[in-house]
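Shown next: final39.cif, given as mmCIF, C-alpha atoms.
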data_query
loop_
_atom_site.label_atom_id
_atom_site.label_comp_id
_atom_site.auth_asym_id
_atom_site.auth_seq_id
_atom_site.Cartn_x
_atom_site.Cartn_y
_atom_site.Cartn_z
CA MET A 2 -27.41 -3.87 12.74
CA ALA A 3 -23.75 -3.50 13.50
CA ARG A 4 -22.54 -0.03 14.45
CA ILE A 5 -19.25 1.76 15.12
CA THR A 6 -19.63 3.11 18.65
CA ALA A 7 -16.17 4.54 19.29
CA GLY A 8 -12.69 5.11 17.98
CA VAL A 9 -9.46 4.56 19.86
CA ALA A 10 -6.03 5.82 18.83
CA SER A 11 -2.83 4.53 20.37
CA SER A 12 0.87 4.20 19.77
CA HIS A 13 2.02 0.58 19.48
CA VAL A 14 5.68 0.71 20.58
CA PRO A 15 7.06 -2.85 20.97
CA LEU A 16 8.71 -1.93 24.30
CA LEU A 17 5.22 -1.45 25.80
CA GLY A 18 4.56 -5.13 25.07
CA VAL A 19 7.83 -6.03 26.79
CA ALA A 20 6.79 -3.94 29.83
CA VAL A 21 3.45 -5.78 30.05
CA ASP A 22 4.97 -9.22 29.47
CA GLN A 23 7.71 -8.63 32.10
CA GLY A 24 5.47 -6.95 34.71
CA LYS A 25 7.18 -3.53 34.57
CA THR A 26 4.12 -1.37 33.93
CA GLN A 27 4.27 0.32 37.35
CA ASP A 28 7.96 1.25 37.44
CA ASP A 29 9.28 4.81 37.19
CA TYR A 30 9.84 4.64 33.45
CA PHE A 31 6.62 2.94 32.33
CA GLY A 32 4.27 4.03 35.16
CA PRO A 33 3.36 7.43 33.67
CA ILE A 34 2.69 5.82 30.27
CA PHE A 35 0.38 3.10 31.58
CA LYS A 36 -1.39 5.49 33.97
CA GLY A 37 -2.77 7.22 30.89
CA TYR A 38 -4.45 3.97 29.79
CA GLU A 39 -6.16 3.17 33.10
CA TRP A 40 -9.22 5.24 32.22
CA THR A 41 -9.54 3.39 28.92
CA LYS A 42 -9.17 -0.07 30.47
CA LYS A 43 -12.11 0.65 32.80
CA TRP A 44 -14.12 2.18 29.95
CA GLU A 45 -13.52 -0.87 27.73
CA GLU A 46 -14.76 -3.13 30.55
CA GLU A 47 -18.02 -1.17 30.57
CA GLN A 48 -18.33 -0.86 26.80
CA LYS A 49 -17.77 -4.57 26.10
CA PRO A 50 -17.24 -4.19 22.34
CA ASP A 51 -17.89 -7.31 20.27
CA VAL A 52 -15.37 -6.58 17.54
CA ILE A 53 -12.44 -4.23 16.96
CA VAL A 54 -11.53 -3.20 13.43
CA LEU A 55 -7.86 -2.79 14.26
CA VAL A 56 -5.90 -0.61 11.87
CA TYR A 57 -2.17 -1.24 12.22
CA ASN A 58 0.93 -1.85 10.19
CA ASP A 59 2.95 -4.99 9.87
CA HIS A 60 6.63 -4.45 10.71
CA ALA A 61 8.20 -6.98 8.34
CA SER A 62 6.49 -9.87 10.13
CA ALA A 63 3.56 -11.26 8.11
CA PHE A 64 4.57 -9.46 4.93
CA ASP A 65 8.15 -9.58 3.70
CA ALA A 66 9.71 -7.40 0.99
CA ASN A 67 8.08 -9.54 -1.70
CA ILE A 68 4.39 -8.62 -1.51
CA ILE A 69 3.44 -5.13 -0.29
CA PRO A 70 -0.32 -4.64 0.04
CA THR A 71 -1.36 -1.01 0.50
CA PHE A 72 -4.53 -1.99 2.38
CA ALA A 73 -5.03 -5.60 3.54
CA ILE A 74 -7.95 -6.95 5.56
CA GLY A 75 -7.87 -10.09 7.67
CA CYS A 76 -10.80 -12.41 6.98
CA GLY A 77 -9.51 -15.42 8.92
CA GLU A 78 -10.73 -17.22 12.03
CA THR A 79 -7.60 -16.75 14.15
CA TYR A 80 -4.17 -15.07 14.12
CA LYS A 81 -1.11 -16.15 16.05
CA PRO A 82 1.41 -13.69 17.54
CA ALA A 83 4.51 -13.40 15.32
CA ASP A 84 8.08 -14.26 16.27
CA GLU A 85 9.79 -10.90 15.67
CA GLY A 86 13.29 -12.17 16.38
CA TRP A 87 13.10 -12.98 20.09
CA GLY A 88 10.22 -15.49 20.14
CA PRO A 89 6.46 -14.75 19.94
CA ARG A 90 4.91 -12.55 22.67
CA PRO A 91 3.26 -14.63 25.41
CA VAL A 92 -0.21 -13.31 24.59
CA PRO A 93 -3.39 -15.17 23.58
CA ASP A 94 -4.08 -15.92 19.92
CA VAL A 95 -6.22 -13.23 18.34
CA GLU A 96 -9.67 -14.41 17.39
CA GLY A 97 -10.92 -13.02 14.08
CA HIS A 98 -14.48 -12.25 13.02
CA ALA A 99 -14.45 -13.89 9.60
CA ASP A 100 -18.10 -13.06 8.80
CA LEU A 101 -17.64 -9.35 9.49
CA GLY A 102 -14.18 -9.34 7.88
CA TRP A 103 -15.49 -10.83 4.64
CA HIS A 104 -18.52 -8.53 4.72
CA ILE A 105 -16.31 -5.44 5.09
CA ALA A 106 -13.91 -6.71 2.39
CA GLN A 107 -16.72 -7.30 -0.11
CA SER A 108 -18.42 -3.99 0.69
CA LEU A 109 -15.16 -2.04 0.36
CA ILE A 110 -14.37 -3.58 -3.02
CA LEU A 111 -17.84 -2.66 -4.29
CA ASP A 112 -17.21 0.83 -2.84
CA ASP A 113 -14.08 1.21 -5.08
CA PHE A 114 -11.46 0.20 -2.47
CA ASP A 115 -9.37 -2.60 -3.98
CA MET A 116 -8.51 -4.51 -0.82
CA THR A 117 -6.04 -7.33 -0.41
CA ILE A 118 -7.69 -10.22 1.44
CA ILE A 119 -5.70 -12.20 3.98
CA ASN A 120 -6.89 -15.59 5.22
CA GLU A 121 -3.90 -16.60 7.32
CA MET A 122 -1.22 -14.43 8.87
CA GLU A 123 0.70 -13.85 12.04
CA VAL A 124 0.23 -10.55 13.82
CA ASP A 125 3.07 -8.54 15.35
CA HIS A 126 3.39 -5.89 18.06
CA GLY A 127 1.53 -3.40 15.87
CA LEU A 128 -1.66 -5.32 16.63
CA THR A 129 -0.99 -7.07 19.95
CA VAL A 130 0.47 -4.10 21.88
CA PRO A 131 -2.73 -2.01 21.58
CA LEU A 132 -4.73 -5.04 22.77
CA SER A 133 -2.43 -5.29 25.81
CA MET A 134 -2.74 -1.56 26.52
CA MET A 135 -6.56 -1.66 26.44
CA PHE A 136 -7.23 -5.11 27.95
CA GLY A 137 -4.16 -5.99 30.06
CA GLN A 138 -3.26 -9.68 30.41
CA PRO A 139 -6.43 -11.80 30.08
CA ASP A 140 -6.36 -15.56 29.35
CA ASN A 141 -8.28 -14.79 26.18
CA TRP A 142 -8.82 -11.42 24.46
CA PRO A 143 -12.36 -10.26 25.33
CA VAL A 144 -13.05 -9.16 21.72
CA LYS A 145 -12.85 -10.46 18.20
CA VAL A 146 -10.59 -8.54 15.82
CA VAL A 147 -10.73 -7.68 12.14
CA PRO A 148 -7.12 -6.73 11.36
CA LEU A 149 -6.61 -4.02 8.76
CA ALA A 150 -2.97 -3.68 7.75
CA VAL A 151 -1.70 -0.54 6.00
CA ASN A 152 1.59 -0.14 4.16
CA VAL A 153 3.40 2.68 5.94
CA VAL A 154 6.89 1.33 5.20
CA THR A 155 7.53 1.38 1.43
CA TYR A 156 6.83 4.69 -0.37
CA PRO A 157 4.52 5.85 -1.67
CA VAL A 158 2.29 4.94 1.26
CA PRO A 159 -1.41 5.81 0.84
CA SER A 160 -2.40 9.48 1.08
CA GLY A 161 -4.07 10.82 4.19
CA ASN A 162 -7.12 11.64 2.14
CA ARG A 163 -7.39 8.06 0.91
CA CYS A 164 -7.05 6.74 4.46
CA TRP A 165 -9.81 9.03 5.70
CA ALA A 166 -12.07 7.96 2.81
CA LEU A 167 -11.35 4.30 3.57
CA GLY A 168 -12.52 4.94 7.12
CA GLU A 169 -15.74 6.43 5.81
CA ALA A 170 -16.26 3.36 3.63
CA ILE A 171 -15.55 1.01 6.57
CA ALA A 172 -18.30 2.78 8.55
CA ARG A 173 -20.76 2.23 5.67
CA ALA A 174 -19.72 -1.42 5.44
CA VAL A 175 -20.16 -2.03 9.17
CA GLU A 176 -23.59 -0.38 9.15
CA SER A 177 -24.82 -2.80 6.49
CA PHE A 178 -23.82 -5.92 8.46
CA PRO A 179 -27.09 -7.51 9.63
CA GLU A 180 -25.96 -8.82 13.01
CA ASP A 181 -26.28 -6.55 16.05
CA LEU A 182 -22.64 -5.87 16.91
CA ASN A 183 -20.89 -3.23 18.98
CA VAL A 184 -17.85 -2.41 16.82
CA GLN A 185 -14.96 -0.13 17.68
CA ILE A 186 -12.32 1.05 15.26
CA TRP A 187 -8.77 1.55 16.48
CA GLY A 188 -6.06 3.50 14.68
CA THR A 189 -2.59 2.63 15.93
CA GLY A 190 1.04 3.69 15.54
CA GLY A 191 2.85 7.01 15.94
CA MET A 192 3.23 9.53 17.26
CA SER A 193 6.49 11.31 16.32
CA HIS A 194 9.48 9.00 16.07
CA GLN A 195 12.45 8.31 13.84
CA LEU A 196 14.18 4.94 14.12
CA GLN A 197 16.87 5.40 11.50
CA GLY A 198 19.84 7.48 10.42
CA PRO A 199 21.69 10.36 12.11
CA ARG A 200 18.38 12.22 12.76
CA ALA A 201 17.05 9.29 14.84
CA GLY A 202 15.35 10.24 18.08
CA LEU A 203 13.38 13.16 16.66
CA LEU A 204 10.26 13.95 18.69
CA ASN A 205 7.84 16.81 18.16
CA ARG A 206 5.50 17.49 21.09
CA GLU A 207 4.00 20.60 19.53
CA TRP A 208 3.12 19.02 16.18
CA ASP A 209 1.84 15.84 17.82
CA ASN A 210 -0.54 17.82 20.01
CA LYS A 211 -1.82 19.81 17.04
CA PHE A 212 -2.52 16.47 15.34
CA LEU A 213 -4.39 15.23 18.44
CA ASP A 214 -6.48 18.43 18.29
CA LEU A 215 -7.31 17.72 14.64
CA MET A 216 -8.86 14.34 15.54
CA ILE A 217 -11.47 16.07 17.72
CA GLY A 218 -14.58 17.95 16.64
CA GLU A 219 -15.66 18.82 13.13
CA THR A 220 -12.39 19.59 11.32
CA ASP A 221 -11.16 17.32 8.54
CA ALA A 222 -7.94 19.28 7.97
CA ALA A 223 -5.76 16.26 8.84
CA ARG A 224 -6.83 14.38 5.73
CA HIS A 225 -4.87 16.88 3.63
CA ILE A 226 -1.52 16.74 5.48
CA PRO A 227 1.05 15.66 2.85
CA HIS A 228 3.55 12.86 3.49
CA ILE A 229 6.47 15.29 3.43
CA GLU A 230 5.05 17.17 6.42
CA TYR A 231 4.92 13.99 8.52
CA LEU A 232 8.48 13.16 7.44
CA ARG A 233 9.90 16.58 8.25
CA GLU A 234 7.94 17.25 11.44
CA THR A 235 7.45 13.84 13.07
CA GLY A 236 10.42 11.76 11.93
CA SER A 237 10.53 9.04 9.32
CA GLU A 238 8.28 6.66 11.28
CA GLY A 239 5.72 9.32 12.30
CA ILE A 240 3.99 8.54 8.99
CA GLU A 241 2.19 5.77 10.92
CA LEU A 242 -0.21 8.52 11.97
CA ILE A 243 -2.03 8.20 8.64
CA MET A 244 -3.55 5.06 10.17
CA TRP A 245 -5.30 7.23 12.76
CA LEU A 246 -7.07 8.95 9.85
CA ILE A 247 -8.82 5.68 8.92
CA MET A 248 -10.18 5.52 12.47
CA ARG A 249 -11.15 9.21 12.40
CA GLY A 250 -12.82 8.93 8.99
CA ALA A 251 -14.96 6.04 10.25
CA LEU A 252 -16.42 8.21 13.04
CA GLY A 253 -18.24 10.58 10.68
CA LYS A 254 -18.40 14.37 10.53
CA LYS A 255 -17.86 15.16 14.19
CA THR A 256 -16.22 13.54 17.20
CA LYS A 257 -16.24 14.05 20.93
CA CYS A 258 -13.09 13.36 22.95
CA LEU A 259 -13.62 11.12 25.98
CA HIS A 260 -9.98 10.68 26.94
CA ARG A 261 -6.59 12.04 25.86
CA HIS A 262 -3.05 11.10 26.90
CA TYR A 263 0.40 12.14 25.67
CA HIS A 264 3.79 11.16 27.02
CA ILE A 265 7.43 11.49 25.99
CA PRO A 266 9.36 9.22 25.70
CA CYS A 267 8.82 5.50 25.32
CA SER A 268 12.03 4.12 23.89
CA ASN A 269 12.41 6.19 20.67
CA THR A 270 8.79 7.29 20.47
CA ALA A 271 6.19 9.82 21.62
CA ILE A 272 3.13 8.07 23.03
CA GLY A 273 -0.29 9.40 22.03
CA HIS A 274 -3.67 8.00 22.96
CA LEU A 275 -7.24 9.16 22.31
CA VAL A 276 -10.71 7.76 22.94
CA LEU A 277 -13.30 9.32 20.65
CA GLU A 278 -17.03 8.97 20.16
CA PRO A 279 -18.96 9.81 17.01
CA ASP A 280 -20.94 13.01 17.68
CA ASN A 281 -23.12 13.34 14.61
CA MET B 3 -8.51 15.86 -7.32
CA SER B 4 -4.96 17.01 -7.80
CA ILE B 5 -2.48 14.47 -9.04
CA GLN B 6 0.86 14.57 -7.28
CA ASP B 7 3.90 14.78 -9.55
CA ILE B 8 5.91 11.65 -8.68
CA HIS B 9 9.28 13.30 -9.42
CA GLU B 10 8.62 16.29 -7.17
CA TYR B 11 7.20 13.97 -4.52
CA LEU B 12 10.35 11.83 -4.46
CA ALA B 13 12.80 14.76 -4.76
CA GLU B 14 11.49 16.28 -1.50
CA PHE B 15 12.44 13.11 0.38
CA GLU B 16 16.13 13.72 -0.33
CA ASP B 17 15.94 17.11 1.40
CA ILE B 18 15.47 15.73 4.93
CA PRO B 19 18.64 15.80 7.05
CA GLY B 20 20.00 12.46 8.28
CA THR B 21 17.13 10.42 6.86
CA ARG B 22 16.76 7.75 4.17
CA VAL B 23 13.12 7.48 3.16
CA PHE B 24 12.38 3.91 2.05
CA THR B 25 11.53 4.61 -1.57
CA ALA B 26 11.03 2.07 -4.36
CA THR B 27 14.63 2.71 -5.46
CA ARG B 28 15.92 1.74 -2.01
CA ALA B 29 13.47 -1.17 -1.77
CA ARG B 30 14.80 -2.58 -5.07
CA ARG B 31 18.43 -2.13 -4.08
CA GLY B 32 17.92 -3.73 -0.68
CA TYR B 33 15.49 -6.48 -1.62
CA HIS B 34 17.75 -9.46 -0.85
CA LEU B 35 19.37 -7.72 2.13
CA ASN B 36 15.93 -7.22 3.65
CA GLN B 37 14.84 -10.76 2.81
CA PHE B 38 17.97 -12.11 4.50
CA ALA B 39 17.16 -10.09 7.64
CA MET B 40 13.57 -11.33 7.52
CA SER B 41 14.80 -14.95 7.51
CA LEU B 42 16.05 -14.42 11.09
CA MET B 43 12.46 -14.55 12.32
CA LYS B 44 12.79 -18.34 12.34
CA ALA B 45 14.56 -19.85 15.37
CA GLU B 46 16.34 -22.51 13.26
CA ASN B 47 17.72 -19.81 10.95
CA ARG B 48 18.89 -17.75 13.91
CA ASP B 49 20.81 -20.78 15.18
CA ARG B 50 22.55 -21.30 11.84
CA TRP B 51 23.28 -17.56 11.58
CA LYS B 52 24.81 -17.41 15.04
CA ALA B 53 26.94 -20.49 14.34
CA ASP B 54 28.55 -18.97 11.22
CA GLU B 55 27.43 -15.53 10.04
CA ALA B 56 29.58 -15.45 6.91
CA ALA B 57 28.43 -18.89 5.79
CA TYR B 58 24.79 -17.95 6.35
CA LEU B 59 25.21 -14.72 4.38
CA SER B 60 26.83 -16.58 1.49
CA GLU B 61 23.46 -18.26 0.87
CA TRP B 62 21.94 -14.87 -0.06
CA PRO B 63 22.46 -13.00 -3.37
CA ILE B 64 23.55 -9.75 -1.70
CA THR B 65 26.45 -7.51 -2.73
CA ASP B 66 29.86 -7.56 -1.08
CA ASP B 67 29.16 -4.08 0.35
CA GLN B 68 25.91 -5.26 1.86
CA ARG B 69 27.58 -8.39 3.28
CA GLN B 70 30.35 -6.31 4.91
CA ALA B 71 27.86 -3.77 6.33
CA VAL B 72 25.91 -6.60 7.97
CA LEU B 73 29.02 -8.23 9.43
CA ASP B 74 30.13 -4.78 10.72
CA ARG B 75 26.61 -4.05 12.08
CA ASP B 76 26.93 -0.71 10.29
CA TYR B 77 23.24 0.21 10.20
CA ASN B 78 23.68 3.55 8.42
CA ARG B 79 25.57 1.75 5.68
CA MET B 80 22.86 -0.91 5.50
CA LEU B 81 20.27 1.87 5.09
CA ASP B 82 22.37 3.39 2.30
CA LEU B 83 22.45 0.01 0.58
CA GLY B 84 18.66 -0.38 0.64
CA GLY B 85 18.02 -1.84 4.06
CA ASN B 86 14.86 -0.93 5.90
CA ILE B 87 14.91 -0.56 9.66
CA TYR B 88 11.95 -2.91 10.30
CA PHE B 89 13.71 -5.68 8.38
CA LEU B 90 17.12 -4.85 9.87
CA SER B 91 15.57 -5.01 13.35
CA LYS B 92 15.59 -8.81 13.00
CA ILE B 93 19.41 -8.63 13.01
CA PHE B 94 19.75 -6.58 16.21
CA SER B 95 16.92 -8.50 17.89
CA THR B 96 18.89 -11.67 17.19
CA ASP B 97 21.94 -9.94 18.71
CA GLY B 98 19.83 -9.25 21.81
CA ILE B 99 20.16 -5.47 21.43
CA SER B 100 17.20 -3.18 22.16
CA PHE B 101 15.65 -1.01 19.47
CA ALA B 102 16.83 2.15 21.22
CA GLU B 103 20.42 0.94 21.50
CA ALA B 104 20.54 -0.15 17.85
CA VAL B 105 19.04 3.18 16.80
CA SER B 106 21.63 5.08 18.85
CA THR B 107 24.44 3.51 16.79
CA MET B 108 23.18 5.47 13.76
CA THR B 109 23.58 8.80 15.53
CA ASP B 110 26.71 10.61 16.68
CA MET B 111 25.90 9.72 20.30
CA SER B 112 26.71 6.87 22.66
CA PHE B 113 23.73 4.86 23.88
CA PRO B 114 23.69 6.57 27.33
CA GLU B 115 23.85 9.98 25.63
CA TYR B 116 21.03 9.00 23.26
CA ARG B 117 18.92 7.69 26.14
CA ASP B 118 19.43 10.97 28.02
CA MET B 119 18.39 12.94 24.95
CA MET B 120 15.17 10.91 24.73
CA MET B 121 14.44 11.38 28.43
CA ASN B 122 14.87 15.12 27.92
CA GLY B 123 12.26 15.33 25.17
CA GLY B 124 14.07 13.81 22.19
CA ARG B 125 15.82 15.44 19.27
CA SER B 126 14.26 18.78 18.40
CA PRO B 127 12.82 19.20 14.90
CA GLU B 128 14.37 22.69 14.97
CA GLY B 129 17.09 22.80 12.30
CA ASN B 130 16.32 19.22 11.28
CA ARG B 131 13.42 19.67 8.86
CA SER B 132 15.10 20.59 5.58
CA ILE B 133 18.64 20.66 4.21
CA ARG B 134 17.66 23.36 1.70
CA GLU B 135 15.91 25.64 4.19
CA GLY B 136 18.23 24.87 7.10
CA ASN B 137 15.23 24.94 9.45
#

Can I see the file as structure tokens?
Amino acid sequence: MARITAGVASSHVPLLGVAVDQGKTQDDYFGPIFKGYEWTKKWEEEQKPDVIVLVYNDHASAFDANIIPTFAIGCGETYKPADEGWGPRPVPDVEGHADLGWHIAQSLILDDFDMTIINEMEVDHGLTVPLSMMFGQPDNWPVKVVPLAVNVVTYPVPSGNRCWALGEAIARAVESFPEDLNVQIWGTGGMSHQLQGPRAGLLNREWDNKFLDLMIGETDAARHIPHIEYLRETGSEGIELIMWLIMRGALGKKTKCLHRHYHIPCSNTAIGHLVLEPDN
Amino acid sequence: MSIQDIHEYLAEFEDIPGTRVFTATRARRGYHLNQFAMSLMKAENRDRWKADEAAYLSEWPITDDQRQAVLDRDYNRMLDLGGNIYFLSKIFSTDGISFAEAVSTMTDMSFPEYRDMMMNGGRSPEGNRSIREGN
């Protein structure tokens, strides 16, 4: 049987992809950020996951303003990196796991989650930057990926509670997949950042660290944080953190923290990163 | 389960200093502006855009205000007229400007000042949470 063995949370700032692609990960600016991922890169080499359910948001790349799916799951065979205005990132194509993707999609729909199913799409920095942070620059990504895209751009975005419950349902779906697979779930985006308007540049170290604390152990308090709190405390784009709740929900009642990293700044953003294990 | 009152939910968004939350109202107003920006993801469109911005914009059913804001690269104005930053990012990416530099143009700081603020821990949430509460 397939099983979710771990959860990883990480920011997905596009500039991190630029740093990797241009070989700047050791310089004074990026060094301290990437140092916090070294532990995880080694750990991933040992863990050798088969599939990542990768929760991310599309930044006006695959989805335009026309169709706005709240939760969309990729069920395709392969996904190409998107051209976000300066040419596609020079990273390998992302290999899907269509069997698991379709299985999760079907299970979620029967479990009352009305998913949008995607067969073909391009994937942007939201998905490829976390892969680069965890796996570096391989010729081919060492895992298959089931992309799960969340609308965190057009309001209302889904509630934290709904995200957490979706994570719980994803765990049930994975557990009923007959093949023996080591599956990780990643929640990406955040932490505090605001990319627009006169308040741009807002960062909130204290709130971010409280949120990191809430991902660990038995508490489920984070599922009840209202949107307005993210907006006021973490900037307009900090709302991406609701995607971490899908990851956290999928790990069950209790988690153990294996690794934690926080750094300010990367471009406009606070970097947060966690590696969690279910501890049930 | 409590059901959130949609009017109260949306009203709160207007109480955040210096911030335009991308609500359905803004998404409707900015639909064509955002779709224009999105079109710059294609290299052939970027070439046509760079060759003649005004001619390229005339192909889109956007308002005169929106057209002028784009030509002026006035990102705060574009936000007011329904633009969303992830769509608008295609414009400044095509201009070859970094996200941080483009973002700095929406503040009252120069790019070097903005960069220094970020290096020193970013803008504090203190006094920036609520217009009503002033906190």

Do me a favour and pick out the residues of chain A within 9 Å of chain B, using only C-alpha atoms, as a PyMOL selection string. chain A and resi 15-16+60-62+65-67+83-88+154-157+195-206+228-229+232-237+265-271

Using the chain letters and numbers from this file, what does the PyMOL selection byres ((chain A and resi 101-112) around 8) select? Give the answer as a list in words.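 Against this file, the PyMOL selection byres ((chain A and resi 101-112) around 8) returns the residues Ile74, Gly75, Cys76, Gly77, Gly97, His98, Ala99, Asp100, Asp113, Phe114, Asp115, Met116, Ile118, Val147, Ala170, Ile171, Ala174, Val175 and Phe178 of chain A.
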
Which value, in Å to one decimal, gives the distance between CA of Ala7 in chain A and CA of Met248 in chain A?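 Atom-to-atom, CA of Ala7 in chain A and CA of Met248 in chain A are spaced 9.1 Å apart.
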
Sel. within 10 Å of pt (-10.9, 17.4, 6.3), counting all atoms listed in the file, output as number ranges by chain: A: 161-162, 165, 215-216, 219-226, 246, 250, 254

Take CA of Trp187 in chain A and CA of Val56 in chain A and report the distance between them in Å, one decimal.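 Spanning CA of Trp187 in chain A to CA of Val56 in chain A is a straight-line distance of 5.8 Å.
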
Of the candidates A:Ser12, A:Tyr231, A:Ile243, A:Asn281, which one gets nearest to Pro159 in chain A if we count only C-alpha atoms?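 Using only C-alpha atoms, the shortest distance to Pro159 in chain A belongs to A:Ile243.
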
Have a look at CA of Ala20 in chain A and CA of Ile247 in chain A and let me know their distance in Å, one decimal.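 That distance, rounded to one decimal, is 27.8 Å.
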
Could you pull range 24-68 of chain B out of the structure just shown and give C-alpha atoms as a tab-separated table (two decimals), in the first residue's frame?
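Result file out-v4.tsv:
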chain	number	residue	atom	x	y	z
B	24	PHE	CA	-7.79	40.87	-5.27
B	25	THR	CA	-11.53	40.47	-4.79
B	26	ALA	CA	-14.09	39.40	-7.40
B	27	THR	CA	-14.91	43.09	-7.95
B	28	ARG	CA	-11.28	43.83	-8.84
B	29	ALA	CA	-10.99	40.63	-10.87
B	30	ARG	CA	-13.99	41.67	-12.98
B	31	ARG	CA	-12.73	45.21	-13.48
B	32	GLY	CA	-9.26	44.06	-14.45
B	33	TYR	CA	-10.13	40.98	-16.48
B	34	HIS	CA	-8.88	42.22	-19.86
B	35	LEU	CA	-5.95	44.10	-18.32
B	36	ASN	CA	-4.80	40.88	-16.68
B	37	GLN	CA	-5.39	38.84	-19.83
B	38	PHE	CA	-3.30	41.34	-21.81
B	39	ALA	CA	-0.46	40.98	-19.29
B	40	MET	CA	-0.78	37.20	-19.45
B	41	SER	CA	-0.32	37.31	-23.24
B	42	LEU	CA	3.29	38.45	-22.67
B	43	MET	CA	4.20	34.92	-21.62
B	44	LYS	CA	4.61	34.11	-25.32
B	45	ALA	CA	7.92	35.18	-26.90
B	46	GLU	CA	6.24	36.22	-30.19
B	47	ASN	CA	3.82	38.46	-28.29
B	48	ARG	CA	6.66	40.01	-26.31
B	49	ASP	CA	8.39	40.88	-29.60
B	50	ARG	CA	5.27	42.58	-30.99
B	51	TRP	CA	4.72	44.39	-27.67
B	52	LYS	CA	8.28	45.70	-27.56
B	53	ALA	CA	8.08	46.86	-31.18
B	54	ASP	CA	4.98	49.03	-30.56
B	55	GLU	CA	3.37	49.04	-27.11
B	56	ALA	CA	0.45	51.30	-28.02
B	57	ALA	CA	-0.43	49.25	-31.10
B	58	TYR	CA	-0.28	46.02	-29.10
B	59	LEU	CA	-2.51	47.49	-26.38
B	60	SER	CA	-5.06	48.64	-28.96
B	61	GLU	CA	-5.81	44.97	-29.66
B	62	TRP	CA	-7.19	44.58	-26.12
B	63	PRO	CA	-10.61	45.81	-24.88
B	64	ILE	CA	-9.18	47.71	-21.91
B	65	THR	CA	-10.16	51.20	-20.73
B	66	ASP	CA	-8.21	54.35	-21.56
B	67	ASP	CA	-7.19	54.62	-17.88
B	68	GLN	CA	-5.88	51.08	-17.89
